[in-house]
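Notes to accompany the following structure.
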Amino acid sequence: MPVFTRFRQPPTPADEPHEEDTPDEAPEGREPDEPHEPDVVEPEDPGEAVEAAPAAEPAARTAGPSDAPRPARRGTWRTWRTWRTWRARHPRAALVLRRTTTVLAAVLVLGALLLPNTLVALEPNRFARIPAEAVIAAVLLLCLPRAARRVAAALFGLGLGVLTVLNLLDMGFTEYLGRGFNVVLDWGLLDDAQAYVADSMGGAAAAWAAVGAVVLVVLVLVVMALAAVRLGELLAAHRERAARGALTAATVWMTCVALGVQTFGVPVATRSASGALEAQAHRVVDTLRDEAAFAKEAKADRFGATPGAQLVPDLRGKDMVFTFIESYGRSAIEDPVTAPGVGRTLDAGTKALAAKGFRAKSGWLTSATYGGSSWLGHSTFLSGLWVDNQQRYRTVTAGDHLTLTKAFRETGEWDTVGVMPGVQKAWPEAEWHGLDKVYDAFDLGYRGPKFSWSTMPDQYALEAFQRLEHGRKRDRPLMAEVILTSSHQPWAPLPRMVGWDEVGDGSVYDGIEASGVEASDIIADSTRSKEEYGKSVAYSVTSLTQWLERYGTDDTVLVFLGDHQPLARVSGDGASRDVPVSVVAKDPKVLDAIDDWNWTEGLKPAEDAPVWRMSSFRDRFLTAYGSTPHPTGE
């Protein structure tokens with residue numbers, strides 16, 4: 001027996017294609033899923049199918065090495081034959097399926113080309129336009145040979161998939177942070193987003209959200225590539241009609257541009273997809289240029305070489321407390337939903353503090369961030385530099401630029417501490433902040449429940465600060481940086497005030513957290529989010545003012561402010577980036593030193609109170625309290 005006898009195959013019937021053929025080798029002029037089929041004739045009426053006469057069975061040939069079976073391709077052909085058989089038996093359903101697939105492919109591609117990058121612009125009129133990119137792509141695909149056409153179509157589809165993902169990221173970042181997604185800097189923020197979901201909705205929800213996001217991205221890329229290939233093959237199958245259609249579309253597009261034709265308030269002719277890519281490219285270039293420019297800017301410091309003895313001499317002997325209230329923005333004071341409750345809290349706090357001998361002055365600062373990324377607001381306020389992205393943050397915190405808090409340590413006259421209940425991992429920036437000691441979420445002795453993202457209620461954090469630092473007898477005054485987190489989104493569930501003597505280790509909050517509103521109940525409801533946001537700000541301000549009433553002394557000076565506005569769902573589209581800032585003290589000299597700032601008396605700044613960039617506060621503060629400039633880096 002010959003050695004290759006066991007590989008002998010039966011003769012190939014006429015109604016079965018040779019294994020060397022592939023479904024991709026259909027002749028030009030036929031739709032991509034319609035290879036040459038000698039055994040079935042599809043007439044004009046899709047409800048009929050006429051069987052062709054079978055071809056003569058070829059003679060058996062001598063087996064050879066090339067006759068070895070190829071299992072993978074045989075499996076492919078088995079699937080293909082099943083599909084052909086189904087089509088032959090159900091021609092009308094097959095036709096409907098083909099046409100539906102084609103329509104869906106066209107909808108996907110056109111939708112991706114016309115998709116805006118903000119939720120505000122996501123309206124039906126945006127999709128009633130002619131994208132220039134579709135016309136250009138059709139012309140190019142018609143000019144290419146088969147193999148090159150398929151590769152070009154797949155790459156075009158992948159590009160559209162990437163653009164779609166970037167547009168969706170832009171929507172999310174604009175909604176939460178008031179700016180578009182930066183492909184150079186913002187990938188790390190996706191981890192923070194997952195951590196936020198885990199803290200707010202639970203670990204399982206965060207895991208499923210991450211898996212869903214990855215699956216969605218892969219599906220968008222794959223489906224968009226397949227859709228583009230499908231349309232490319234359809235163009236080739238009807239080359240003459242497609243060429244006429246492309247020419248007509250190009251003519252209409254140019255005419256609409258020349259005449260400025262609009263429908264539903266938007267131009268008919270558009271190049272939004274290429275414009276979005278161009279904007280992303282400019283954003284990348286600007287980011288890279290900004291990195292070098294900001295590194296140079298950070299080296300210049302008006303007070304960088306000032307000796308410690310000449311820094312804030314007019315505050316010697318005072319206990320300084322700089323406090324950031326999470327998401328405490330202008331909207332909390334001026335929005336019709338939140339303003340009444342927050343306004344009453346500020347007015348009550350002003351009166352209660354006045355009864356204890358404290359006065360306050362308040363104004364507005366424009367934050368470098370919006371909706372989130374609180375650390376950018378903190379570093380802008382403390383450094384006197386405009387830190388509005390992650391690259392700038394890394395640059396400034398890696399250097400030795402003087403911070404407002406470090407200025408007190410440089411004098412040698414203050415002990416410096418930080419109370420950071422939101423910090424749950426290593427925090428090397430403590431040195432840049434100039435803090436001798438940092439109390440993070442695990443150092444404050446809290447044994448109660450988390451309130452969504454916030455690890456502990458603000459009242460507890462302030463009571464722990466009093467117990468661990470502010471209430472201790474010491475040889476030198478204290479400078480403290482305190483971050484309050486109870487007003488962090490999603491603002492549910494919220495803590496409430498308890499007796500200061502009842503705070504204990506935080507166990508008192510167990511029942512309060514359990515009876516609170518679920519985050520999932522308000523997170524998609526703008527009105528309820530505003531209501532709960534207002535309650536959270538009122539709670540944080542009340543905790544801080546009551547702490548000052550209870551524990552403040554003649555030498556206590558409190559500076560507190562918001563780090564940024566809440567996200568657009570609460571602050572509103574187009575809201576400013578302004579946040580309130582207040583200086584509170586008993587010693588009249590402290591407030592007299594800032595009389596020329598023209599701030600409003602009390603804890604609530606007037607609508608027309610001065611508005612400064614947050615980065616200007618450091619130098620104004622240091623100057624007001626007697627610091628002498630000694631510049632560096634100029």
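If you're wondering about the labels, chains in the structure tokens are A, B, ... by order shown, residues count from 1 in each chain, ligands from 1 in order shown.
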Extract the full set of alpha helix (DSSP H) residues from range 246-482 of chain A according to DSSP on the backbone, and format it as a ChimeraX atom specification. /A:246-259,272-299,330-334,339-355,374-383,390-398,404-411,430-433,458-465
From the DSSP assignment of the backbone, select every residue of range 401-614 of chain A that is strand (DSSP E), and format the answer as number ranges by chain. A: 415-419, 437-439, 478-484, 556-562, 578-585, 600-601, 611-613
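With distances restricted to only C-alpha atoms, A:Ala461 is the closest residue to Gly418 in chain A from A:Val387, A:Met254, A:Ala205, A:Ala461.
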Which neighbours of range 365-381 of chain A fall inside 6 Å, counting only C-alpha atoms, when residues of the same chain fewer than 2 positions from it are skipped, and could you give them as an mmCIF file with N, CA, C and O atoms, in the first residue's frame?
```
data_model
loop_
_atom_site.group_PDB
_atom_site.id
_atom_site.type_symbol
_atom_site.label_atom_id
_atom_site.label_comp_id
_atom_site.auth_asym_id
_atom_site.auth_seq_id
_atom_site.Cartn_x
_atom_site.Cartn_y
_atom_site.Cartn_z
ATOM 1 N N TYR A 176 -17.773 65.299 34.442
ATOM 2 C CA TYR A 176 -17.288 65.221 35.817
ATOM 3 C C TYR A 176 -16.209 66.246 36.147
ATOM 4 O O TYR A 176 -16.156 66.752 37.269
ATOM 5 N N LEU A 177 -15.326 66.542 35.173
ATOM 6 C CA LEU A 177 -14.184 67.405 35.464
ATOM 7 C C LEU A 177 -14.194 68.713 34.683
ATOM 8 O O LEU A 177 -13.280 69.524 34.829
ATOM 9 N N GLY A 178 -15.206 68.901 33.838
ATOM 10 C CA GLY A 178 -15.313 70.162 33.121
ATOM 11 C C GLY A 178 -14.275 70.360 32.045
ATOM 12 O O GLY A 178 -14.022 71.491 31.611
ATOM 13 N N SER A 383 0.833 76.394 46.430
ATOM 14 C CA SER A 383 2.089 76.691 45.736
ATOM 15 C C SER A 383 2.125 78.054 45.075
ATOM 16 O O SER A 383 3.205 78.590 44.793
ATOM 17 N N GLY A 384 0.949 78.626 44.775
ATOM 18 C CA GLY A 384 0.943 79.873 44.025
ATOM 19 C C GLY A 384 1.169 79.660 42.545
ATOM 20 O O GLY A 384 1.402 80.630 41.812
ATOM 21 N N LEU A 385 1.092 78.406 42.086
ATOM 22 C CA LEU A 385 1.217 78.069 40.675
ATOM 23 C C LEU A 385 -0.100 77.490 40.179
ATOM 24 O O LEU A 385 -0.840 76.878 40.948
ATOM 25 N N TRP A 386 -0.369 77.653 38.881
ATOM 26 C CA TRP A 386 -1.613 77.150 38.308
ATOM 27 C C TRP A 386 -1.420 75.681 37.945
ATOM 28 O O TRP A 386 -0.891 75.336 36.902
ATOM 29 N N VAL A 387 -1.870 74.786 38.821
ATOM 30 C CA VAL A 387 -1.660 73.348 38.652
ATOM 31 C C VAL A 387 -2.988 72.739 38.196
ATOM 32 O O VAL A 387 -3.820 72.338 39.012
ATOM 33 N N ASP A 388 -3.179 72.666 36.877
ATOM 34 C CA ASP A 388 -4.469 72.240 36.352
ATOM 35 C C ASP A 388 -4.428 70.896 35.649
ATOM 36 O O ASP A 388 -5.408 70.498 35.015
ATOM 37 N N ASP A 563 -12.260 73.235 47.429
ATOM 38 C CA ASP A 563 -11.178 72.922 46.499
ATOM 39 C C ASP A 563 -11.621 73.028 45.040
ATOM 40 O O ASP A 563 -10.819 73.286 44.152
ATOM 41 N N HIS A 564 -12.934 72.836 44.788
ATOM 42 C CA HIS A 564 -13.445 72.953 43.421
ATOM 43 C C HIS A 564 -14.967 72.912 43.458
ATOM 44 O O HIS A 564 -15.584 72.561 44.477
ATOM 45 N N GLN A 565 -15.589 73.240 42.348
ATOM 46 C CA GLN A 565 -17.027 73.111 42.187
ATOM 47 C C GLN A 565 -17.404 71.624 42.065
ATOM 48 O O GLN A 565 -16.587 70.807 41.650
ATOM 49 N N PRO A 566 -18.657 71.290 42.393
ATOM 50 C CA PRO A 566 -19.104 69.916 42.134
ATOM 51 C C PRO A 566 -19.277 69.696 40.636
ATOM 52 O O PRO A 566 -19.250 70.647 39.841
ATOM 53 N N LEU A 567 -19.483 68.440 40.239
ATOM 54 C CA LEU A 567 -19.606 68.112 38.831
ATOM 55 C C LEU A 567 -20.811 68.811 38.199
ATOM 56 O O LEU A 567 -21.701 69.313 38.879
ATOM 57 N N ARG A 577 -15.774 78.274 37.936
ATOM 58 C CA ARG A 577 -14.917 77.435 38.771
ATOM 59 C C ARG A 577 -14.645 78.096 40.124
ATOM 60 O O ARG A 577 -13.713 77.723 40.824
ATOM 61 N N ASP A 578 -15.477 79.042 40.494
ATOM 62 C CA ASP A 578 -15.241 79.793 41.725
ATOM 63 C C ASP A 578 -15.614 78.984 42.958
ATOM 64 O O ASP A 578 -16.591 78.228 42.949
ATOM 65 N N VAL A 579 -14.824 79.186 44.006
ATOM 66 C CA VAL A 579 -15.099 78.563 45.307
ATOM 67 C C VAL A 579 -15.000 79.635 46.385
ATOM 68 O O VAL A 579 -14.261 80.613 46.243
ATOM 69 N N VAL A 611 -12.950 88.313 43.008
ATOM 70 C CA VAL A 611 -12.646 86.961 42.530
ATOM 71 C C VAL A 611 -11.197 86.937 42.074
ATOM 72 O O VAL A 611 -10.808 87.689 41.178
ATOM 73 N N TRP A 612 -10.391 86.084 42.693
ATOM 74 C CA TRP A 612 -8.986 85.938 42.307
ATOM 75 C C TRP A 612 -8.746 84.528 41.799
ATOM 76 O O TRP A 612 -9.440 83.584 42.182
ATOM 77 N N ARG A 613 -7.723 84.398 40.980
ATOM 78 C CA ARG A 613 -7.251 83.055 40.656
ATOM 79 C C ARG A 613 -6.693 82.422 41.925
ATOM 80 O O ARG A 613 -6.023 83.068 42.721
ATOM 81 N N MET A 614 -6.980 81.151 42.111
ATOM 82 C CA MET A 614 -6.538 80.466 43.319
ATOM 83 C C MET A 614 -5.021 80.520 43.480
ATOM 84 O O MET A 614 -4.495 80.557 44.597
ATOM 85 N N SER A 615 -4.304 80.549 42.379
ATOM 86 C CA SER A 615 -2.839 80.572 42.434
ATOM 87 C C SER A 615 -2.297 81.884 42.981
ATOM 88 O O SER A 615 -1.113 81.963 43.333
#
```
Choose the residue, out of A:Ala360, A:Ala225, A:Leu484, A:Ala258, that has the smallest atom-to-atom separation from Met420 in chain A; count only C-alpha atoms. A:Leu484
Give me the residues of range 220-317 of chain A that have any atom at most 12 Å from an atom of range 589-605 of chain A; for each, the nearest atom pair and the distance in Å, rounded to one decimal. Use only C-alpha atoms, sort by chain and number, and format it as a tab-separated table.
```
residue	atom	partner	partner_atom	distance
A:Val312	CA	A:Val590	CA	11.5
A:Pro313	CA	A:Val590	CA	11.9
A:Asp314	CA	A:Val590	CA	8.3
A:Leu315	CA	A:Val590	CA	7.8
A:Arg316	CA	A:Val590	CA	11.1
```
Gap from CA of Arg447 in chain A to CA of Asp510 in chain A - Å, one decimal: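 So the two atoms, CA of Arg447 in chain A and CA of Asp510 in chain A, lie 9.4 Å apart.
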Write out as a VMD selection string which residues come within 10 Å of Leu166 in chain A when counting only C-alpha atoms, dropping same-chain ones fewer than 6 positions away. chain A and resid 117 160 172 180 to 183 276 to 277 280
Just to be explicit: take each residue in the selection above, keep N, CA, C and O atoms, and write the result as a PDB file, in the first residue's frame.
```pdb
ATOM      1  N   ASN A 117     -18.505  65.150  21.161  1.00  0.00           N
ATOM      2  CA  ASN A 117     -17.712  64.712  22.312  1.00  0.00           C
ATOM      3  C   ASN A 117     -18.211  65.302  23.633  1.00  0.00           C
ATOM      4  O   ASN A 117     -17.501  65.273  24.627  1.00  0.00           O
ATOM      5  N   LEU A 160     -12.075  54.801  13.476  1.00  0.00           N
ATOM      6  CA  LEU A 160     -13.365  55.288  13.947  1.00  0.00           C
ATOM      7  C   LEU A 160     -13.688  54.752  15.343  1.00  0.00           C
ATOM      8  O   LEU A 160     -14.267  55.454  16.171  1.00  0.00           O
ATOM      9  N   GLY A 172     -17.446  61.854  29.386  1.00  0.00           N
ATOM     10  CA  GLY A 172     -17.360  61.583  30.810  1.00  0.00           C
ATOM     11  C   GLY A 172     -16.514  62.607  31.543  1.00  0.00           C
ATOM     12  O   GLY A 172     -16.896  63.097  32.617  1.00  0.00           O
ATOM     13  N   GLY A 180     -11.995  68.074  28.587  1.00  0.00           N
ATOM     14  CA  GLY A 180     -11.893  66.864  27.796  1.00  0.00           C
ATOM     15  C   GLY A 180     -10.814  65.919  28.308  1.00  0.00           C
ATOM     16  O   GLY A 180      -9.999  66.259  29.166  1.00  0.00           O
ATOM     17  N   PHE A 181     -10.818  64.711  27.764  1.00  0.00           N
ATOM     18  CA  PHE A 181      -9.840  63.692  28.132  1.00  0.00           C
ATOM     19  C   PHE A 181      -8.502  63.994  27.487  1.00  0.00           C
ATOM     20  O   PHE A 181      -8.432  64.337  26.306  1.00  0.00           O
ATOM     21  N   ASN A 182      -7.431  63.890  28.258  1.00  0.00           N
ATOM     22  CA  ASN A 182      -6.076  64.120  27.755  1.00  0.00           C
ATOM     23  C   ASN A 182      -5.389  62.769  27.597  1.00  0.00           C
ATOM     24  O   ASN A 182      -5.116  62.082  28.590  1.00  0.00           O
ATOM     25  N   VAL A 183      -5.088  62.381  26.355  1.00  0.00           N
ATOM     26  CA  VAL A 183      -4.542  61.050  26.109  1.00  0.00           C
ATOM     27  C   VAL A 183      -3.126  60.896  26.652  1.00  0.00           C
ATOM     28  O   VAL A 183      -2.625  59.771  26.780  1.00  0.00           O
ATOM     29  N   ALA A 276     -12.329  66.525  15.494  1.00  0.00           N
ATOM     30  CA  ALA A 276     -12.093  65.946  16.821  1.00  0.00           C
ATOM     31  C   ALA A 276     -10.682  65.373  16.926  1.00  0.00           C
ATOM     32  O   ALA A 276     -10.002  65.541  17.943  1.00  0.00           O
ATOM     33  N   LEU A 277     -10.250  64.685  15.861  1.00  0.00           N
ATOM     34  CA  LEU A 277      -8.882  64.154  15.866  1.00  0.00           C
ATOM     35  C   LEU A 277      -7.862  65.276  15.907  1.00  0.00           C
ATOM     36  O   LEU A 277      -6.825  65.181  16.584  1.00  0.00           O
ATOM     37  N   GLN A 280      -7.658  66.549  19.413  1.00  0.00           N
ATOM     38  CA  GLN A 280      -6.876  65.646  20.256  1.00  0.00           C
ATOM     39  C   GLN A 280      -5.385  65.812  20.001  1.00  0.00           C
ATOM     40  O   GLN A 280      -4.568  65.813  20.937  1.00  0.00           O
TER      41      GLN A 280
END
```
Can you pull out every residue within 10 Å of range 533-536 of chain A, counting only C-alpha atoms, but drop anything in the same chain fewer than 5 positions away, and send it as an MDAnalysis selection string? chainID A and resid 326:328 331:333 335 337:343 345 485:496 527:528 541:542 566 570:571
Would you mind exporting N, CA, C and O atoms of the selected residues as a CSV table (one decimal), in the first residue's frame?
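For reference, out.csv as written:
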```csv
chain,number,residue,atom,x,y,z
A,326,GLU,N,-14.3,69.6,50.7
A,326,GLU,CA,-14.5,69.0,49.4
A,326,GLU,C,-15.7,69.5,48.6
A,326,GLU,O,-16.8,69.6,49.2
A,327,SER,N,-15.5,69.9,47.4
A,327,SER,CA,-16.5,70.3,46.5
A,327,SER,C,-17.4,71.4,46.9
A,327,SER,O,-18.5,71.6,46.5
A,328,TYR,N,-16.8,72.2,47.8
A,328,TYR,CA,-17.5,73.4,48.3
A,328,TYR,C,-17.3,74.6,47.3
A,328,TYR,O,-16.3,75.3,47.3
A,331,SER,N,-21.6,77.2,43.6
A,331,SER,CA,-23.0,76.7,43.4
A,331,SER,C,-23.7,76.4,44.7
A,331,SER,O,-24.9,76.5,44.8
A,332,ALA,N,-22.9,76.0,45.7
A,332,ALA,CA,-23.5,75.7,47.0
A,332,ALA,C,-24.2,77.0,47.6
A,332,ALA,O,-25.2,76.8,48.4
A,333,ILE,N,-23.7,78.1,47.3
A,333,ILE,CA,-24.2,79.4,47.8
A,333,ILE,C,-25.2,80.1,46.9
A,333,ILE,O,-26.1,80.8,47.4
A,335,ASP,N,-26.9,78.4,43.9
A,335,ASP,CA,-27.9,77.6,43.2
A,335,ASP,C,-29.2,77.6,44.0
A,335,ASP,O,-29.2,77.5,45.2
A,337,VAL,N,-31.5,75.5,44.4
A,337,VAL,CA,-31.8,74.3,45.2
A,337,VAL,C,-31.0,74.2,46.5
A,337,VAL,O,-31.5,73.9,47.6
A,338,THR,N,-29.7,74.5,46.4
A,338,THR,CA,-28.8,74.3,47.5
A,338,THR,C,-28.6,75.6,48.4
A,338,THR,O,-28.3,75.5,49.5
A,339,ALA,N,-28.8,76.8,47.7
A,339,ALA,CA,-28.5,78.0,48.4
A,339,ALA,C,-29.2,78.2,49.7
A,339,ALA,O,-28.6,78.7,50.7
A,340,PRO,N,-30.5,77.9,49.8
A,340,PRO,CA,-31.2,78.2,51.1
A,340,PRO,C,-30.6,77.5,52.3
A,340,PRO,O,-30.4,78.2,53.3
A,341,GLY,N,-30.4,76.2,52.2
A,341,GLY,CA,-29.8,75.5,53.3
A,341,GLY,C,-28.4,75.9,53.6
A,341,GLY,O,-28.1,76.1,54.8
A,342,VAL,N,-27.6,76.0,52.6
A,342,VAL,CA,-26.2,76.4,52.9
A,342,VAL,C,-26.1,77.8,53.4
A,342,VAL,O,-25.3,78.2,54.3
A,343,GLY,N,-26.9,78.7,52.8
A,343,GLY,CA,-26.9,80.1,53.3
A,343,GLY,C,-27.3,80.2,54.7
A,343,GLY,O,-26.7,81.0,55.5
A,345,THR,N,-26.9,78.0,57.0
A,345,THR,CA,-25.8,77.4,57.7
A,345,THR,C,-24.7,78.5,57.9
A,345,THR,O,-24.1,78.6,59.0
A,485,THR,N,-13.9,65.6,54.0
A,485,THR,CA,-14.3,64.8,52.9
A,485,THR,C,-15.8,64.5,52.8
A,485,THR,O,-16.2,63.8,51.9
A,486,SER,N,-16.6,64.8,53.8
A,486,SER,CA,-18.0,64.4,53.9
A,486,SER,C,-18.8,64.9,52.7
A,486,SER,O,-19.8,64.4,52.4
A,487,SER,N,-18.3,66.0,52.1
A,487,SER,CA,-19.1,66.6,51.0
A,487,SER,C,-18.6,66.1,49.6
A,487,SER,O,-18.9,66.7,48.6
A,488,HIS,N,-17.8,65.0,49.6
A,488,HIS,CA,-17.4,64.3,48.4
A,488,HIS,C,-18.6,63.6,47.8
A,488,HIS,O,-19.4,63.0,48.4
A,489,GLN,N,-18.7,63.7,46.4
A,489,GLN,CA,-19.7,62.9,45.7
A,489,GLN,C,-19.6,61.4,46.0
A,489,GLN,O,-18.5,61.0,46.3
A,490,PRO,N,-20.6,60.7,46.0
A,490,PRO,CA,-22.0,61.0,45.5
A,490,PRO,C,-23.0,61.5,46.5
A,490,PRO,O,-24.2,61.5,46.2
A,491,TRP,N,-22.5,62.0,47.7
A,491,TRP,CA,-23.3,62.7,48.7
A,491,TRP,C,-24.5,61.8,49.2
A,491,TRP,O,-25.6,62.3,49.5
A,492,ALA,N,-24.2,60.5,49.3
A,492,ALA,CA,-25.1,59.6,50.0
A,492,ALA,C,-24.4,58.3,50.3
A,492,ALA,O,-23.6,57.8,49.4
A,493,PRO,N,-24.6,57.7,51.5
A,493,PRO,CA,-25.4,58.3,52.6
A,493,PRO,C,-24.5,59.4,53.3
A,493,PRO,O,-23.3,59.4,53.1
A,494,LEU,N,-25.2,60.3,54.0
A,494,LEU,CA,-24.5,61.4,54.7
A,494,LEU,C,-24.6,61.2,56.2
A,494,LEU,O,-25.6,60.7,56.7
A,495,PRO,N,-23.5,61.7,56.9
A,495,PRO,CA,-23.5,61.7,58.3
A,495,PRO,C,-24.4,62.9,58.8
A,495,PRO,O,-24.8,63.7,58.0
A,496,ARG,N,-24.6,62.9,60.1
A,496,ARG,CA,-25.3,64.1,60.7
A,496,ARG,C,-24.6,64.4,62.0
A,496,ARG,O,-23.9,63.5,62.6
A,527,THR,N,-31.7,66.7,40.5
A,527,THR,CA,-32.3,67.4,41.6
A,527,THR,C,-32.0,66.9,43.0
A,527,THR,O,-31.6,67.6,43.9
A,528,ARG,N,-32.2,65.5,43.1
A,528,ARG,CA,-31.8,64.9,44.4
A,528,ARG,C,-30.4,65.0,44.7
A,528,ARG,O,-30.0,65.2,45.9
A,541,VAL,N,-19.6,72.5,56.8
A,541,VAL,CA,-19.4,73.8,57.4
A,541,VAL,C,-19.8,73.8,58.9
A,541,VAL,O,-19.1,74.5,59.7
A,542,THR,N,-20.9,73.2,59.2
A,542,THR,CA,-21.3,73.1,60.6
A,542,THR,C,-20.3,72.4,61.5
A,542,THR,O,-20.0,72.9,62.6
A,566,PRO,N,-18.7,71.3,42.4
A,566,PRO,CA,-19.1,69.9,42.1
A,566,PRO,C,-19.3,69.7,40.6
A,566,PRO,O,-19.3,70.6,39.8
A,570,VAL,N,-24.5,68.8,39.1
A,570,VAL,CA,-25.0,69.6,40.3
A,570,VAL,C,-24.7,71.1,40.1
A,570,VAL,O,-25.6,71.9,40.4
A,571,SER,N,-23.6,71.4,39.6
A,571,SER,CA,-23.3,72.9,39.5
A,571,SER,C,-23.9,73.5,38.2
A,571,SER,O,-24.1,74.7,38.1
```
Hey, which of A:Thr545, A:Thr623, A:Asn125, A:Thr632 ends up closest to Asp347 in chain A? Count only C-alpha atoms.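 Once distances to Asp347 in chain A are computed over only C-alpha atoms, the minimum belongs to A:Thr545.
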Non-local contacts of range 140-151 of chain A (9 Å; only C-alpha atoms; under 5 positions in same chain excluded) as a PDB file with N, CA, C and O atoms, in the first residue's frame:
```pdb
ATOM      1  N   GLU A  28     -15.293  40.366  -8.300  1.00  0.00           N
ATOM      2  CA  GLU A  28     -15.763  41.733  -8.150  1.00  0.00           C
ATOM      3  C   GLU A  28     -17.189  41.832  -8.668  1.00  0.00           C
ATOM      4  O   GLU A  28     -17.581  41.162  -9.624  1.00  0.00           O
ATOM      5  N   VAL A 135     -17.352  60.704   2.531  1.00  0.00           N
ATOM      6  CA  VAL A 135     -17.193  60.861   1.086  1.00  0.00           C
ATOM      7  C   VAL A 135     -15.770  60.529   0.667  1.00  0.00           C
ATOM      8  O   VAL A 135     -15.533  59.786  -0.298  1.00  0.00           O
ATOM      9  N   PHE A 156      -9.557  52.010   8.697  1.00  0.00           N
ATOM     10  CA  PHE A 156     -10.488  53.130   8.830  1.00  0.00           C
ATOM     11  C   PHE A 156     -11.499  52.842   9.946  1.00  0.00           C
ATOM     12  O   PHE A 156     -11.796  53.713  10.777  1.00  0.00           O
ATOM     13  N   ALA A 228     -16.884  48.747   8.651  1.00  0.00           N
ATOM     14  CA  ALA A 228     -16.210  49.462   7.566  1.00  0.00           C
ATOM     15  C   ALA A 228     -15.855  48.515   6.424  1.00  0.00           C
ATOM     16  O   ALA A 228     -15.988  48.867   5.240  1.00  0.00           O
ATOM     17  N   VAL A 229     -15.396  47.307   6.755  1.00  0.00           N
ATOM     18  CA  VAL A 229     -15.082  46.321   5.710  1.00  0.00           C
ATOM     19  C   VAL A 229     -16.354  45.943   4.951  1.00  0.00           C
ATOM     20  O   VAL A 229     -16.344  45.830   3.719  1.00  0.00           O
ATOM     21  N   ARG A 230     -17.432  45.739   5.659  1.00  0.00           N
ATOM     22  CA  ARG A 230     -18.708  45.407   5.014  1.00  0.00           C
ATOM     23  C   ARG A 230     -19.113  46.490   4.005  1.00  0.00           C
ATOM     24  O   ARG A 230     -19.481  46.193   2.869  1.00  0.00           O
ATOM     25  N   GLY A 232     -17.146  48.707   2.624  1.00  0.00           N
ATOM     26  CA  GLY A 232     -16.158  48.757   1.543  1.00  0.00           C
ATOM     27  C   GLY A 232     -16.432  47.723   0.477  1.00  0.00           C
ATOM     28  O   GLY A 232     -16.331  47.998  -0.735  1.00  0.00           O
ATOM     29  N   GLU A 233     -16.790  46.507   0.881  1.00  0.00           N
ATOM     30  CA  GLU A 233     -17.106  45.460  -0.086  1.00  0.00           C
ATOM     31  C   GLU A 233     -18.404  45.764  -0.829  1.00  0.00           C
ATOM     32  O   GLU A 233     -18.549  45.447  -2.011  1.00  0.00           O
ATOM     33  N   LEU A 235     -19.446  48.773  -1.603  1.00  0.00           N
ATOM     34  CA  LEU A 235     -19.085  49.774  -2.609  1.00  0.00           C
ATOM     35  C   LEU A 235     -18.464  49.117  -3.822  1.00  0.00           C
ATOM     36  O   LEU A 235     -18.777  49.457  -4.978  1.00  0.00           O
ATOM     37  N   ALA A 236     -17.555  48.159  -3.574  1.00  0.00           N
ATOM     38  CA  ALA A 236     -16.893  47.479  -4.685  1.00  0.00           C
ATOM     39  C   ALA A 236     -17.878  46.645  -5.495  1.00  0.00           C
ATOM     40  O   ALA A 236     -17.741  46.500  -6.710  1.00  0.00           O
ATOM     41  N   ARG A 239     -19.770  49.222  -7.932  1.00  0.00           N
ATOM     42  CA  ARG A 239     -18.764  50.257  -8.140  1.00  0.00           C
ATOM     43  C   ARG A 239     -19.312  51.474  -8.900  1.00  0.00           C
ATOM     44  O   ARG A 239     -19.064  52.619  -8.528  1.00  0.00           O
ATOM     45  N   ALA A 242     -21.843  53.380  -6.813  1.00  0.00           N
ATOM     46  CA  ALA A 242     -21.156  53.970  -5.669  1.00  0.00           C
ATOM     47  C   ALA A 242     -20.352  55.193  -6.084  1.00  0.00           C
ATOM     48  O   ALA A 242     -20.303  56.203  -5.367  1.00  0.00           O
ATOM     49  N   ALA A 243     -19.701  55.115  -7.252  1.00  0.00           N
ATOM     50  CA  ALA A 243     -18.920  56.251  -7.742  1.00  0.00           C
ATOM     51  C   ALA A 243     -19.822  57.454  -8.015  1.00  0.00           C
ATOM     52  O   ALA A 243     -19.498  58.591  -7.660  1.00  0.00           O
TER      53      ALA A 243
END
```
Just to confirm, what's the straight-line distance from CA of Arg271 in chain A to CA of Leu114 in chain A in Å (one decimal)?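 These atoms are spaced 8.4 Å apart.
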Got a sec: who's within 9 Å of Val423 in chain A, counting only C-alpha atoms, leaving out chain neighbours fewer than 6 positions off, as a ChimeraX atom specification? /A:439-442
Could you tell me how far CA of Arg302 in chain A sits from CA of Thr395 in chain A, in Å to one decimal place? 18.0 Å
